[in-house]
Amino acid sequence: MTEQKPRLLPLAGIKVLDFSTLLPGPMASLMLAEAGAEVIKVERPGVGEDLRHYEPKWGRDAVGFALLNRGKKSLALDLKDKRQLSLLEPLLRQTDVVLEQFRPGVMDRLGLGYAALKGFNPRLIYCSISGYGQAGPKSQVVGHDLNYIGDTGLLALNPGRPRRPSVPPVLAADLAGGSYPAVVNILLALLQRQKTGEGCHIDVSMTDNMFMLMSWALGQSLVTGKWPNPGRELLTGGSPRYHLYPAADGRYVAVAALEQKFWGTFCAIIELPAELRDDKADARATIDKVSEIIAARPAAHWKAAFFGKDCCCSVVATLEEAMHEPHFHIRGLFDHTIVNEDGEDLPAIPVAIAPALRVDAQTARSAPALGAHNDELLKR
């Protein structure tokens with residue numbers, strides 16, 4: 001019988017010093033950890049990072065902290081204390097990646113900026129995530145996700161009703177503008193280092209990266225000279241083919257029947273009058289009639305009506321429903337678990353790392369206690 005070889009993860013042997021907090025950096029370092037990197041989270045002694053103290057708690061820390069920091073190590077050091085800071089130097093000499101999320105200039109003032117570190121570790125890949133980038137007139141402006149998407153025009157594309165604006169439920173700038181670009185660029189830098197032997201400084205601006213999410217709007221505007229009207233464009237609710245329709249019970253039907261073949265099937269299912277199926281003639285009239293038809297029946301009726309039909313239509317699921325959807329469980333999205341200090345377990349956050357490239361699902365991972373690895377790491 002052939003003995004099975006142990007899995008060699010793609011980032012095995014890569015050491016990451018993570019100075020980031022909250023969501024963008026920790027999500028990025030979580031993905032690196034899941035691919036086999038050793039991630040060392042540097043935190044304030046006695047306090048730790050802010051996310052530890054959020055609600056709800058799960059054991060000693062916030063559940064949000066536990067979900068984002070599984071499989072990492074914690075090193076508690078006061079970076080403003082020169083004696084403690086000096087303890088980091090041996091680790092910094094061995095580190096492959098530094099990840100930080102402070103306002104530009106903070107790491108330089110601590111003596112931990114890229115220019116200082118590359119002097120004794122020229123192979124270092126140094127990734128800085130910030131709201132507005134390391135340079136430019138707004139580099140020192142404070143903000144959060146809502147500010148970043150607001151500054152780029154993304155929020156204005158569909159802000160909701162004038163008197164009842166809606167706050168998007170996804171932290172798009174943090175994740176799509178911060179975490180994912182950081183991971184992609186760190187991996188590219190590791191590949192480049194294999195060829196050149198040198199590291200680099202990666203400047204990730206969460207605001208800059210919002211523009212890539214609006215390719216359709218930018219292309220339309222730059223070619224036609226007409227800038228998008230909120231809620232009136234093809235992908236923002238201006239078309240009956242791409243729209244949310246309330247059902248009789250307050251649930252929503254998501255219609256994304258953009259192509260003619262899907263639109264035709266949808267129109268047949270709901271028995272839309274023939275004169276309204278050409279939505280280019282009067283899109284508003286078609287939207288109003290589809291709204292009237294969908295509103296006459298509960299969501300369960302429409303779910304059954306769309307079942308097995310190629311029409312790109314569905315009933316909007318609640319988070320609870322989605323968590324119990326067999327499809328996601330069959331695909332193994334929730335096979336991974338996290339464990340706390342009391343031995344309790346929860347499904348881990350699914351991350352966008354293919355199963356063949358990440359930690360085995362049978363390995364339960366936990367988030368570290370504050371400073372749990374000080375002795376191990378500082379003895380190296």
# chains A, B, ... in the order shown; residues from 1 in each chain; ligands from 1
call {"tool": "select_by_dssp", "arguments": {"residues": "range 83-206 of chain A", "states": "strand (DSSP E)", "output": "ChimeraX atom specification"}}
result
/A:97-100,125-130,160-161,164-165,200-205
call {"tool": "residues_around", "arguments": {"residues": "range 92-96 of chain A", "least_positions_apart": "5", "cutoff": "8 Å", "atoms": "only C-alpha atoms", "output": "PyMOL selection string"}}
result
chain A and resi 14-17+117+120-121+123-125
call {"tool": "write_last_selection", "arguments": {"atoms": "C-alpha atoms", "output": "PDB file, in the first residue's frame"}}
result
ATOM      1  CA  ILE A  14       6.373  31.963   4.370  1.00  0.00           C
ATOM      2  CA  LYS A  15       6.394  34.152   7.482  1.00  0.00           C
ATOM      3  CA  VAL A  16       4.000  37.115   7.756  1.00  0.00           C
ATOM      4  CA  LEU A  17       4.175  39.826  10.429  1.00  0.00           C
ATOM      5  CA  LEU A 117      13.382  47.463   7.160  1.00  0.00           C
ATOM      6  CA  PHE A 120      18.602  44.705   6.625  1.00  0.00           C
ATOM      7  CA  ASN A 121      15.987  42.583   4.822  1.00  0.00           C
ATOM      8  CA  ARG A 123      13.854  40.437   0.298  1.00  0.00           C
ATOM      9  CA  LEU A 124      11.020  41.838   2.424  1.00  0.00           C
ATOM     10  CA  ILE A 125       7.605  42.301   0.830  1.00  0.00           C
TER      11      ILE A 125
END
call {"tool": "atom_distance", "arguments": {"atom1": "CA of Pro26 in chain A", "atom2": "CA of Leu378 in chain A"}}
result
21.9 Å
call {"tool": "closest_atom_pairs", "arguments": {"of": "range 177-266 of chain A", "to": "range 33-49 of chain A", "cutoff": "12 Å", "atoms": "only C-alpha atoms", "output": "JSON lines"}}
result
{"residue": "A:Val183", "atom": "CA", "partner": "A:Ala35", "partner_atom": "CA", "distance": 11.0}
{"residue": "A:Ile186", "atom": "CA", "partner": "A:Ala37", "partner_atom": "CA", "distance": 11.9}
{"residue": "A:Leu187", "atom": "CA", "partner": "A:Ala35", "partner_atom": "CA", "distance": 11.0}
call {"tool": "residues_around", "arguments": {"residues": "Arg109 in chain A", "least_positions_apart": "5", "cutoff": "12 Å", "atoms": "only C-alpha atoms", "output": "list in words"}}
result
Leu79, Lys80, Lys82, Phe102, Arg103, Pro104, Tyr114, Ala115 and Ala116 of chain A
call {"tool": "select_by_dssp", "arguments": {"residues": "range 38-159 of chain A", "states": "helix (DSSP H, G or I)", "output": "number ranges by chain"}}
result
A: 50-53, 63-68, 82-86, 89-94, 106-109, 114-117, 145-151, 155-157
call {"tool": "closest_residue", "arguments": {"among": "A:Met107, A:Cys127, A:Ala304, A:Leu9", "to": "Gly199 in chain A", "atoms": "only C-alpha atoms"}}
result
A:Cys127
call {"tool": "closest_residue", "arguments": {"among": "A:Asp18, A:Glu89, A:Glu325, A:Asp174", "to": "Leu146 in chain A", "atoms": "only C-alpha atoms"}}
result
A:Asp174
call {"tool": "closest_residue", "arguments": {"among": "A:Leu157, A:Val63, A:Leu11, A:Ala248", "to": "Val97 in chain A", "atoms": "only C-alpha atoms"}}
result
A:Leu11
call {"tool": "atom_distance", "arguments": {"atom1": "CA of Gln220 in chain A", "atom2": "CA of Ala182 in chain A"}}
result
28.4 Å
call {"tool": "closest_atom_pairs", "arguments": {"of": "range 40-84 of chain A", "to": "range 354-371 of chain A", "cutoff": "6 Å", "atoms": "only C-alpha atoms", "output": "CSV"}}
result
residue,atom,partner,partner_atom,distance
A:Ala66,CA,A:Ala367,CA,5.1
A:Asn69,CA,A:Ala367,CA,5.0
A:Arg70,CA,A:Ala367,CA,4.1
A:Gly71,CA,A:Arg365,CA,5.3
A:Lys73,CA,A:Pro368,CA,5.7
A:Ser74,CA,A:Gly371,CA,4.9
A:Leu75,CA,A:Gly371,CA,4.7
A:Ala76,CA,A:Gly371,CA,4.5
call {"tool": "closest_residue", "arguments": {"among": "A:Asp310, A:Ile349, A:Asn374, A:Tyr126", "to": "Leu68 in chain A", "atoms": "only C-alpha atoms"}}
result
A:Ile349
call {"tool": "decode", "arguments": {"residues": "range 302-324 of chain A", "atoms": "C-alpha atoms", "output": "PDB file, in the first residue's frame"}}
result
ATOM      1  CA  TRP A 302     -42.531  32.440  -7.466  1.00  0.00           C
ATOM      2  CA  LYS A 303     -39.857  30.114  -6.131  1.00  0.00           C
ATOM      3  CA  ALA A 304     -41.873  27.148  -7.376  1.00  0.00           C
ATOM      4  CA  ALA A 305     -42.656  28.894 -10.682  1.00  0.00           C
ATOM      5  CA  PHE A 306     -38.972  29.574 -11.413  1.00  0.00           C
ATOM      6  CA  PHE A 307     -37.753  26.143 -10.316  1.00  0.00           C
ATOM      7  CA  GLY A 308     -36.032  24.299 -13.166  1.00  0.00           C
ATOM      8  CA  LYS A 309     -36.542  27.180 -15.601  1.00  0.00           C
ATOM      9  CA  ASP A 310     -33.657  29.007 -17.288  1.00  0.00           C
ATOM     10  CA  CYS A 311     -34.632  32.557 -16.449  1.00  0.00           C
ATOM     11  CA  CYS A 312     -32.014  33.886 -13.964  1.00  0.00           C
ATOM     12  CA  CYS A 313     -34.686  34.581 -11.372  1.00  0.00           C
ATOM     13  CA  SER A 314     -34.735  33.692  -7.692  1.00  0.00           C
ATOM     14  CA  VAL A 315     -36.263  34.577  -4.354  1.00  0.00           C
ATOM     15  CA  VAL A 316     -33.886  36.583  -2.155  1.00  0.00           C
ATOM     16  CA  ALA A 317     -32.758  34.291   0.667  1.00  0.00           C
ATOM     17  CA  THR A 318     -32.251  35.332   4.250  1.00  0.00           C
ATOM     18  CA  LEU A 319     -28.830  34.674   5.767  1.00  0.00           C
ATOM     19  CA  GLU A 320     -30.352  31.891   7.859  1.00  0.00           C
ATOM     20  CA  GLU A 321     -31.806  30.238   4.755  1.00  0.00           C
ATOM     21  CA  ALA A 322     -28.505  30.543   2.908  1.00  0.00           C
ATOM     22  CA  MET A 323     -26.617  28.934   5.813  1.00  0.00           C
ATOM     23  CA  HIS A 324     -28.929  25.918   5.561  1.00  0.00           C
TER      24      HIS A 324
END
